[in-house]
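Reading through the structure tokens given below for one structure.
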Protein chains: 4
Amino acid sequence: MHSPPIEKLIRIFKRFPGIGERQAARFAYHLALEDRAARADLAQAITALDAVRSCPECFRTLGGDICALCADPGRDHSTIVVLENDTDLDAFERAGVINARYFVLGGTLSEFGEGANTGQLRFRVFYERIKTAAAVREVIIALDATPEGNFTARYIEKILEPLQKTRSIKIVRLGRGISTGAEIEYLNRDTLKDALDNRR
Amino acid sequence: MHSPPIEKLIRIFKRFPGIGERQAARFAYHLALEDRAARADLAQAITALDAVRSCPECFRTLGGDICALCADPGRDHSTIVVLENDTDLDAFERAGVINARYFVLGGTLSEFGEGANTGQLRFRVFYERIKTAAAVREVIIALDATPEGNFTARYIEKILEPLQKTRSIKIVRLGRGISTGAEIEYLNRDTLKDALDNRR
Amino acid sequence: MHSPPIEKLIRIFKRFPGIGERQAARFAYHLALEDRAARADLAQAITALDAVRSCPECFRTLGGDICALCADPGRDHSTIVVLENDTDLDAFERAGVINARYFVLGGTLSEFGEGANTGQLRFRVFYERIKTAAAVREVIIALDATPEGNFTARYIEKILEPLQKTRSIKIVRLGRGISTGAEIEYLNRDTLKDALDNRR
Amino acid sequence: MHSPPIEKLIRIFKRFPGIGERQAARFAYHLALEDRAARADLAQAITALDAVRSCPECFRTLGGDICALCADPGRDHSTIVVLENDTDLDAFERAGVINARYFVLGGTLSEFGEGANTGQLRFRVFYERIKTAAAVREVIIALDATPEGNFTARYIEKILEPLQKTRSIKIVRLGRGISTGAEIEYLNRDTLKDALDNRR
């Protein structure tokens, strides 16, 4: 029912995080109504991302030439937090709960081999970085508590295992349990089990 | 905190319907993680909209060369439904509640002169179309029941008023009142008033 | 799994408006934890409703001996709004959209003969009231836009039909259509159809 | 605006868990519309709770004369889970995640001395039970992750502290952290901090 160019945009927008068929269609028609100049502006802004650099250390998207976090001498070099993407790194920095360094993986693996951007995942680079950074004593895997997050966490643990034979390095995940504000009677079974297993 | 190209994309995505700052940022970082080819593909798909044609009659976005709705001889030519955009037209066609012809305005006016795409609004074209289409006996203004929709409806009524002096043509709006499934005790004041005013 | 007295309370609380099994259980255990005095207080308050009087005219639950609405000489006696319950009457008075008198039916009928409190419904009393109140020129049926509300509205129309043969009396329902704030693309089919049918 | 008996019921229903002014009013009017017999039935069912017995061991509301959980020889007697109420105990049993015994506290304390049912709280009884039950090696405090739950947990820890001087007994809380299914970018600061503190 839609014209082919509209259909193509709908297909692409459906891959945007959290966007379904219906909202993808609204986006496509929104752009169809914009004038040529506005569309050219957006297309150019998207292409401009090619020039955006990632920090060669932590791989987060850079605002300038240097990564202020990696360059900060006050940051603890013995701990590194592995994250899925820039938005998660923002969440950690906003919360201000740790003074460690980061590594942005660029996505998660799926048990079923699907998952967006898997070609971009930086497992090898991450392994090399940990291997050569002798100061690192702890790797904190901070991925979503979803099947993909869990699967990717296990994969990272496996990759880093060999390093633990020759060197003292802890590989840990974020604690599972009740989140602040949650009530017992509404917890799902897995969370209740995690909360019991991790009692302290 | 974001890099300038990311900031620029966030600014553009925030104009997408229903998208706030946070989700705009997720979109921008999603694109930053995609590979060059995927970004080029999207940029090209956006530019390809330049070639998309609108029906010269109803101005909906065309799937092919001819507008199947406007070309359909079985459609009632005496009634025309004015709509904001293609998505609203889809809603009417999905519902299958009227056999009339349509006119897609391309947006709404705001009392405060803001509003997206106002340069694109086709008031003059619409006036000309109604003026020359002698068969049209009824114009149904089918806009959102929002301040912008109401303001635009009043504007359309004003534009068409002169035509009513020389010709029998009804200009009506969609009925206001309780929507199917709604309960009295949860209605807002305006809806309760409309429902009373339009009792029948 | 629950004790019989708890089970019995759950069964009763599930008939409360909007309450499901789970919240009914929370209510029952909440009461089990209260002390004897608090429970006696609630039981007494419930029994005290036996002494609560309804207005003999409009049947709303009375705050005092006289119904301030029915006693108000400033109220328009030619229009009467039929409502399901006190809460709906509150909604009308809060909105302040009409100066008419009311009649509280006490519930709605279901096409399937279920429906709470149907024994209490005051159809006969309502018919008698309209028949003898010669001043009434318009009956506004203001019931929920639900299957039960629609079915009950049809029933009221049928009951009052004979009166229309000997007397000029309008029997109308609240207008159906888009409610204030609603957007075209999210309307369900029935609402879109109503909005078209009631265009004006 | 409501009559005094209705007002009184609204006041009582507002103390029900999760019930606000508006729904309390719906409950009161719902009861006003019920017939005398239905109200008498509810009042009687509420009073019947006086005869409901709690298990003298765990204080959960009993279905029969004996508490099947406390009487079960297969239950681990070395671990006891302290809970706020019966509904929380149901959550644990439904999840089937632990084979321990329980103790239902009957409510939580508030830092500000408010809190429902505080007169009913069984701190002294709980202390006596743990003191005399020599088999107990671990107390798991399983309260909501709310300010009241936290405050009550600290209070329980303080009460039991003296016992730890003469005896090996662990007093632990449920683990805090990410709950199953949660995504990093939506975690609140406290949960992110807990998840980091409890990494493993």
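Residue names in the structure tokens use chain letters A, B, ... in the order shown, residue numbers from 1 in each chain, and ligand numbers from 1 in the order shown.
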Test item: chain D residues at most 12 Å from chain B, counting only C-alpha atoms, as a PyMOL selection string
chain D and resi 22-23+25-26+185-186
Only C-alpha atoms, please: the residues just picked out, written as an mmCIF file, in the first residue's frame.
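Writing the result to result33.cif gives the following:
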data_model
loop_
_atom_site.group_PDB
_atom_site.id
_atom_site.type_symbol
_atom_site.label_atom_id
_atom_site.label_comp_id
_atom_site.auth_asym_id
_atom_site.auth_seq_id
_atom_site.Cartn_x
_atom_site.Cartn_y
_atom_site.Cartn_z
ATOM 1 C CA ARG D 22 -11.581 8.316 43.873
ATOM 2 C CA GLN D 23 -11.682 4.540 43.947
ATOM 3 C CA ALA D 25 -15.686 6.657 46.607
ATOM 4 C CA ARG D 26 -16.563 4.131 43.917
ATOM 5 C CA GLU D 185 20.070 2.711 30.706
ATOM 6 C CA TYR D 186 16.817 2.775 32.662
#
Just asking: which residues within range 36-165 of chain B are strand (DSSP E or B) according to DSSP, as a PyMOL selection string?
chain B and resi 54+61+79-83+101-104+138-141
Name all residues at most 12 Å from Leu69 in chain D (count only C-alpha atoms; drop same-chain ones fewer than 6 positions away) and give them as a PDB file with all heavy atoms, in the first residue's frame.
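Below is the file that was written, part.pdb:
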ATOM      1  N   MET C   1      -5.843 -22.583  49.094  1.00  0.00           N
ATOM      2  CA  MET C   1      -4.656 -22.164  49.845  1.00  0.00           C
ATOM      3  C   MET C   1      -5.002 -21.116  50.911  1.00  0.00           C
ATOM      4  O   MET C   1      -4.412 -21.062  51.963  1.00  0.00           O
ATOM      5  CB  MET C   1      -3.617 -21.577  48.881  1.00  0.00           C
ATOM      6  CG  MET C   1      -2.398 -21.047  49.579  1.00  0.00           C
ATOM      7  SD  MET C   1      -0.890 -21.297  48.617  1.00  0.00           S
ATOM      8  CE  MET C   1       0.335 -20.726  49.818  1.00  0.00           C
TER       9      MET C   1
ATOM     10  N   CYS D  55      -0.954 -18.897  62.530  1.00  0.00           N
ATOM     11  CA  CYS D  55      -0.069 -19.959  62.996  1.00  0.00           C
ATOM     12  C   CYS D  55       0.729 -19.404  64.182  1.00  0.00           C
ATOM     13  O   CYS D  55       1.318 -18.314  64.076  1.00  0.00           O
ATOM     14  CB  CYS D  55       0.862 -20.372  61.874  1.00  0.00           C
ATOM     15  SG  CYS D  55       2.221 -21.422  62.436  1.00  0.00           S
ATOM     16  N   PRO D  56       0.767 -20.102  65.314  1.00  0.00           N
ATOM     17  CA  PRO D  56       1.499 -19.584  66.477  1.00  0.00           C
ATOM     18  C   PRO D  56       3.011 -19.585  66.245  1.00  0.00           C
ATOM     19  O   PRO D  56       3.753 -18.966  67.007  1.00  0.00           O
ATOM     20  CB  PRO D  56       1.095 -20.547  67.593  1.00  0.00           C
ATOM     21  CG  PRO D  56       0.657 -21.790  66.905  1.00  0.00           C
ATOM     22  CD  PRO D  56       0.111 -21.378  65.571  1.00  0.00           C
ATOM     23  N   GLU D  57       3.467 -20.249  65.190  1.00  0.00           N
ATOM     24  CA  GLU D  57       4.897 -20.280  64.868  1.00  0.00           C
ATOM     25  C   GLU D  57       5.283 -19.150  63.903  1.00  0.00           C
ATOM     26  O   GLU D  57       6.136 -18.328  64.197  1.00  0.00           O
ATOM     27  CB  GLU D  57       5.251 -21.625  64.206  1.00  0.00           C
ATOM     28  CG  GLU D  57       5.266 -22.817  65.141  1.00  0.00           C
ATOM     29  CD  GLU D  57       6.537 -22.826  65.996  1.00  0.00           C
ATOM     30  OE1 GLU D  57       7.628 -22.702  65.432  1.00  0.00           O
ATOM     31  OE2 GLU D  57       6.410 -22.959  67.238  1.00  0.00           O
ATOM     32  N   CYS D  58       4.608 -19.148  62.719  1.00  0.00           N
ATOM     33  CA  CYS D  58       5.042 -18.221  61.663  1.00  0.00           C
ATOM     34  C   CYS D  58       4.091 -17.031  61.517  1.00  0.00           C
ATOM     35  O   CYS D  58       4.383 -16.087  60.801  1.00  0.00           O
ATOM     36  CB  CYS D  58       5.183 -18.943  60.327  1.00  0.00           C
ATOM     37  SG  CYS D  58       3.617 -19.421  59.584  1.00  0.00           S
ATOM     38  N   PHE D  59       2.946 -17.120  62.179  1.00  0.00           N
ATOM     39  CA  PHE D  59       1.973 -16.032  62.181  1.00  0.00           C
ATOM     40  C   PHE D  59       1.302 -15.738  60.850  1.00  0.00           C
ATOM     41  O   PHE D  59       0.644 -14.723  60.691  1.00  0.00           O
ATOM     42  CB  PHE D  59       2.583 -14.743  62.757  1.00  0.00           C
ATOM     43  CG  PHE D  59       2.740 -14.813  64.236  1.00  0.00           C
ATOM     44  CD1 PHE D  59       3.926 -15.262  64.807  1.00  0.00           C
ATOM     45  CD2 PHE D  59       1.671 -14.510  65.069  1.00  0.00           C
ATOM     46  CE1 PHE D  59       4.060 -15.372  66.183  1.00  0.00           C
ATOM     47  CE2 PHE D  59       1.795 -14.623  66.444  1.00  0.00           C
ATOM     48  CZ  PHE D  59       2.999 -15.051  67.005  1.00  0.00           C
ATOM     49  N   ARG D  60       1.454 -16.663  59.890  1.00  0.00           N
ATOM     50  CA  ARG D  60       0.667 -16.435  58.682  1.00  0.00           C
ATOM     51  C   ARG D  60      -0.788 -16.803  58.994  1.00  0.00           C
ATOM     52  O   ARG D  60      -1.073 -17.571  59.919  1.00  0.00           O
ATOM     53  CB  ARG D  60       1.209 -17.250  57.524  1.00  0.00           C
ATOM     54  CG  ARG D  60       0.946 -18.728  57.603  1.00  0.00           C
ATOM     55  CD  ARG D  60       1.753 -19.449  56.523  1.00  0.00           C
ATOM     56  NE  ARG D  60       1.406 -20.856  56.457  1.00  0.00           N
ATOM     57  CZ  ARG D  60       0.548 -21.378  55.570  1.00  0.00           C
ATOM     58  NH1 ARG D  60      -0.034 -20.613  54.675  1.00  0.00           N
ATOM     59  NH2 ARG D  60       0.269 -22.670  55.571  1.00  0.00           N
ATOM     60  N   THR D  61      -1.697 -16.258  58.215  1.00  0.00           N
ATOM     61  CA  THR D  61      -3.115 -16.543  58.401  1.00  0.00           C
ATOM     62  C   THR D  61      -3.374 -18.003  58.049  1.00  0.00           C
ATOM     63  O   THR D  61      -2.960 -18.474  56.992  1.00  0.00           O
ATOM     64  CB  THR D  61      -3.943 -15.628  57.482  1.00  0.00           C
ATOM     65  OG1 THR D  61      -3.550 -14.288  57.750  1.00  0.00           O
ATOM     66  CG2 THR D  61      -5.417 -15.784  57.744  1.00  0.00           C
ATOM     67  N   LEU D  62      -4.059 -18.710  58.933  1.00  0.00           N
ATOM     68  CA  LEU D  62      -4.218 -20.145  58.750  1.00  0.00           C
ATOM     69  C   LEU D  62      -5.446 -20.487  57.928  1.00  0.00           C
ATOM     70  O   LEU D  62      -6.502 -19.867  58.073  1.00  0.00           O
ATOM     71  CB  LEU D  62      -4.317 -20.836  60.102  1.00  0.00           C
ATOM     72  CG  LEU D  62      -2.994 -21.103  60.800  1.00  0.00           C
ATOM     73  CD1 LEU D  62      -3.214 -22.040  61.967  1.00  0.00           C
ATOM     74  CD2 LEU D  62      -2.005 -21.730  59.820  1.00  0.00           C
ATOM     75  N   GLY D  63      -5.320 -21.530  57.073  1.00  0.00           N
ATOM     76  CA  GLY D  63      -6.459 -22.061  56.347  1.00  0.00           C
ATOM     77  C   GLY D  63      -7.188 -23.100  57.186  1.00  0.00           C
ATOM     78  O   GLY D  63      -8.397 -23.246  57.094  1.00  0.00           O
ATOM     79  N   ARG D  75      10.867 -29.270  55.743  1.00  0.00           N
ATOM     80  CA  ARG D  75      11.352 -27.886  55.676  1.00  0.00           C
ATOM     81  C   ARG D  75      12.649 -27.729  56.458  1.00  0.00           C
ATOM     82  O   ARG D  75      12.781 -28.263  57.559  1.00  0.00           O
ATOM     83  CB  ARG D  75      10.307 -26.940  56.280  1.00  0.00           C
ATOM     84  CG  ARG D  75       9.064 -26.778  55.458  1.00  0.00           C
ATOM     85  CD  ARG D  75       9.179 -25.574  54.536  1.00  0.00           C
ATOM     86  NE  ARG D  75       8.200 -25.675  53.450  1.00  0.00           N
ATOM     87  CZ  ARG D  75       8.077 -24.766  52.499  1.00  0.00           C
ATOM     88  NH1 ARG D  75       8.839 -23.685  52.513  1.00  0.00           N
ATOM     89  NH2 ARG D  75       7.222 -24.927  51.530  1.00  0.00           N
ATOM     90  N   ASP D  76      13.530 -26.947  55.898  1.00  0.00           N
ATOM     91  CA  ASP D  76      14.819 -26.654  56.538  1.00  0.00           C
ATOM     92  C   ASP D  76      14.588 -25.769  57.770  1.00  0.00           C
ATOM     93  O   ASP D  76      14.106 -24.657  57.659  1.00  0.00           O
ATOM     94  CB  ASP D  76      15.706 -25.946  55.504  1.00  0.00           C
ATOM     95  CG  ASP D  76      17.011 -25.459  56.104  1.00  0.00           C
ATOM     96  OD1 ASP D  76      17.314 -25.811  57.269  1.00  0.00           O
ATOM     97  OD2 ASP D  76      17.724 -24.723  55.396  1.00  0.00           O
ATOM     98  N   HIS D  77      14.943 -26.308  58.945  1.00  0.00           N
ATOM     99  CA  HIS D  77      14.718 -25.557  60.189  1.00  0.00           C
ATOM    100  C   HIS D  77      15.849 -24.600  60.548  1.00  0.00           C
ATOM    101  O   HIS D  77      15.756 -23.885  61.539  1.00  0.00           O
ATOM    102  CB  HIS D  77      14.477 -26.520  61.368  1.00  0.00           C
ATOM    103  CG  HIS D  77      13.071 -27.005  61.423  1.00  0.00           C
ATOM    104  ND1 HIS D  77      12.440 -27.601  60.338  1.00  0.00           N
ATOM    105  CD2 HIS D  77      12.135 -26.972  62.419  1.00  0.00           C
ATOM    106  CE1 HIS D  77      11.207 -27.927  60.672  1.00  0.00           C
ATOM    107  NE2 HIS D  77      10.991 -27.554  61.918  1.00  0.00           N
ATOM    108  N   ILE D  80      15.297 -19.093  58.367  1.00  0.00           N
ATOM    109  CA  ILE D  80      13.976 -18.514  58.543  1.00  0.00           C
ATOM    110  C   ILE D  80      13.909 -17.207  57.754  1.00  0.00           C
ATOM    111  O   ILE D  80      14.830 -16.392  57.802  1.00  0.00           O
ATOM    112  CB  ILE D  80      13.663 -18.316  60.047  1.00  0.00           C
ATOM    113  CG1 ILE D  80      12.199 -17.959  60.246  1.00  0.00           C
ATOM    114  CG2 ILE D  80      14.559 -17.281  60.688  1.00  0.00           C
ATOM    115  CD1 ILE D  80      11.721 -18.342  61.629  1.00  0.00           C
ATOM    116  N   LEU D  89       4.482 -13.915  51.587  1.00  0.00           N
ATOM    117  CA  LEU D  89       4.726 -15.346  51.783  1.00  0.00           C
ATOM    118  C   LEU D  89       4.196 -16.138  50.584  1.00  0.00           C
ATOM    119  O   LEU D  89       4.859 -17.044  50.068  1.00  0.00           O
ATOM    120  CB  LEU D  89       4.072 -15.810  53.083  1.00  0.00           C
ATOM    121  CG  LEU D  89       4.449 -17.206  53.593  1.00  0.00           C
ATOM    122  CD1 LEU D  89       4.316 -17.281  55.119  1.00  0.00           C
ATOM    123  CD2 LEU D  89       3.610 -18.307  52.951  1.00  0.00           C
ATOM    124  N   ASP D  90       3.008 -15.757  50.105  1.00  0.00           N
ATOM    125  CA  ASP D  90       2.468 -16.395  48.900  1.00  0.00           C
ATOM    126  C   ASP D  90       3.443 -16.255  47.730  1.00  0.00           C
ATOM    127  O   ASP D  90       3.641 -17.193  46.965  1.00  0.00           O
ATOM    128  CB  ASP D  90       1.132 -15.732  48.497  1.00  0.00           C
ATOM    129  CG  ASP D  90      -0.036 -16.230  49.346  1.00  0.00           C
ATOM    130  OD1 ASP D  90       0.170 -17.131  50.181  1.00  0.00           O
ATOM    131  OD2 ASP D  90      -1.152 -15.703  49.179  1.00  0.00           O
ATOM    132  N   GLU D  93       6.216 -18.760  48.099  1.00  0.00           N
ATOM    133  CA  GLU D  93       5.777 -20.140  47.878  1.00  0.00           C
ATOM    134  C   GLU D  93       5.462 -20.392  46.403  1.00  0.00           C
ATOM    135  O   GLU D  93       5.776 -21.456  45.874  1.00  0.00           O
ATOM    136  CB  GLU D  93       4.565 -20.469  48.763  1.00  0.00           C
ATOM    137  CG  GLU D  93       4.942 -20.707  50.219  1.00  0.00           C
ATOM    138  CD  GLU D  93       5.887 -21.911  50.369  1.00  0.00           C
ATOM    139  OE1 GLU D  93       5.473 -23.034  50.080  1.00  0.00           O
ATOM    140  OE2 GLU D  93       7.065 -21.688  50.761  1.00  0.00           O
ATOM    141  N   ASN D  99      13.361 -23.520  50.601  1.00  0.00           N
ATOM    142  CA  ASN D  99      12.679 -24.557  51.386  1.00  0.00           C
ATOM    143  C   ASN D  99      12.717 -24.227  52.879  1.00  0.00           C
ATOM    144  O   ASN D  99      12.671 -25.106  53.730  1.00  0.00           O
ATOM    145  CB  ASN D  99      13.349 -25.915  51.119  1.00  0.00           C
ATOM    146  CG  ASN D  99      12.566 -27.054  51.729  1.00  0.00           C
ATOM    147  OD1 ASN D  99      11.338 -27.028  51.749  1.00  0.00           O
ATOM    148  ND2 ASN D  99      13.279 -28.035  52.273  1.00  0.00           N
ATOM    149  N   ALA D 100      12.824 -22.954  53.208  1.00  0.00           N
ATOM    150  CA  ALA D 100      13.001 -22.548  54.602  1.00  0.00           C
ATOM    151  C   ALA D 100      11.663 -22.423  55.326  1.00  0.00           C
ATOM    152  O   ALA D 100      10.606 -22.736  54.774  1.00  0.00           O
ATOM    153  CB  ALA D 100      13.727 -21.211  54.629  1.00  0.00           C
ATOM    154  N   ARG D 101      11.707 -21.963  56.555  1.00  0.00           N
ATOM    155  CA  ARG D 101      10.488 -21.622  57.280  1.00  0.00           C
ATOM    156  C   ARG D 101      10.330 -20.099  57.260  1.00  0.00           C
ATOM    157  O   ARG D 101      11.228 -19.378  56.844  1.00  0.00           O
ATOM    158  CB  ARG D 101      10.568 -22.163  58.702  1.00  0.00           C
ATOM    159  CG  ARG D 101      10.683 -23.692  58.666  1.00  0.00           C
ATOM    160  CD  ARG D 101      10.799 -24.273  60.047  1.00  0.00           C
ATOM    161  NE  ARG D 101       9.481 -24.458  60.649  1.00  0.00           N
ATOM    162  CZ  ARG D 101       9.309 -24.701  61.947  1.00  0.00           C
ATOM    163  NH1 ARG D 101      10.343 -24.738  62.777  1.00  0.00           N
ATOM    164  NH2 ARG D 101       8.105 -24.888  62.437  1.00  0.00           N
ATOM    165  N   TYR D 102       9.154 -19.635  57.630  1.00  0.00           N
ATOM    166  CA  TYR D 102       8.854 -18.206  57.510  1.00  0.00           C
ATOM    167  C   TYR D 102       8.479 -17.591  58.855  1.00  0.00           C
ATOM    168  O   TYR D 102       8.159 -18.302  59.816  1.00  0.00           O
ATOM    169  CB  TYR D 102       7.681 -17.996  56.551  1.00  0.00           C
ATOM    170  CG  TYR D 102       7.929 -18.465  55.144  1.00  0.00           C
ATOM    171  CD1 TYR D 102       7.399 -19.675  54.690  1.00  0.00           C
ATOM    172  CD2 TYR D 102       8.696 -17.709  54.274  1.00  0.00           C
ATOM    173  CE1 TYR D 102       7.628 -20.110  53.391  1.00  0.00           C
ATOM    174  CE2 TYR D 102       8.924 -18.140  52.967  1.00  0.00           C
ATOM    175  CZ  TYR D 102       8.388 -19.342  52.545  1.00  0.00           C
ATOM    176  OH  TYR D 102       8.611 -19.755  51.261  1.00  0.00           O
ATOM    177  N   PHE D 103       8.488 -16.270  58.890  1.00  0.00           N
ATOM    178  CA  PHE D 103       7.888 -15.534  60.000  1.00  0.00           C
ATOM    179  C   PHE D 103       7.245 -14.283  59.414  1.00  0.00           C
ATOM    180  O   PHE D 103       7.921 -13.466  58.768  1.00  0.00           O
ATOM    181  CB  PHE D 103       8.935 -15.142  61.051  1.00  0.00           C
ATOM    182  CG  PHE D 103       8.312 -14.548  62.291  1.00  0.00           C
ATOM    183  CD1 PHE D 103       7.976 -15.350  63.371  1.00  0.00           C
ATOM    184  CD2 PHE D 103       8.030 -13.183  62.373  1.00  0.00           C
ATOM    185  CE1 PHE D 103       7.375 -14.816  64.507  1.00  0.00           C
ATOM    186  CE2 PHE D 103       7.422 -12.640  63.491  1.00  0.00           C
ATOM    187  CZ  PHE D 103       7.105 -13.459  64.573  1.00  0.00           C
TER     188      PHE D 103
END
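Near range 38-43 of chain D, within 8 Å and counting only C-alpha atoms, sit C:Leu9, C:Ile12, C:Leu42, C:Ala43, C:Gln44, C:Ile46, C:Thr47, D:Leu31, not including residues fewer than 6 positions from it in the same chain.
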Name the residues of range 23-199 of chain C that fall into alpha helix (DSSP H) according to DSSP on the backbone, using the chain letters and numbers of this document, as number ranges by chain.
C: 23-33, 36-47, 68-71, 86-95, 123-132, 147-166, 189-197
Could you name the residues that touch Ile159 in chain B at 10 Å or less, counting only C-alpha atoms, but leaving out those on the same chain fewer than 6 positions away, as JSON, numbers by chain?
{"B": [123, 124, 126, 127, 153]}
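Among D:Ile66, D:Ala142, D:Ala134, D:Ala91, the residue with the shortest atom-to-atom distance to Leu187 in chain A, counting only C-alpha atoms, is D:Ala91.
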Show me, as JSON, numbers by chain, the residues that have an atom within 10 Å of Lys193 in chain B when counting only C-alpha atoms, minus same-chain residues fewer than 5 positions from it.
{"B": [176, 177, 178, 187, 188, 198, 199], "C": [92, 95, 96, 97, 98, 174, 175, 180]}
Non-local contacts of Phe27 in chain C (12 Å; only C-alpha atoms; under 5 positions in same chain excluded) as a list in words
Ile6, Glu7, Lys8, Leu9, Ile10, Arg11, Ile12, Phe13, Lys14, Phe16, Ile19, Gly20, Glu21, Arg22, Ala32, Leu33 and Glu34 of chain C; Ile12, Phe13, Lys14, Arg15, Phe16, Pro17, Gly18, Ile19, Ile46, Asn85, Asp86 and Thr87 of chain D
Just give me the gap between CA of Leu160 in chain B and CA of Ser110 in chain B in Å, one decimal is fine.
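Between CA of Leu160 in chain B and CA of Ser110 in chain B the gap works out to 18.9 Å.
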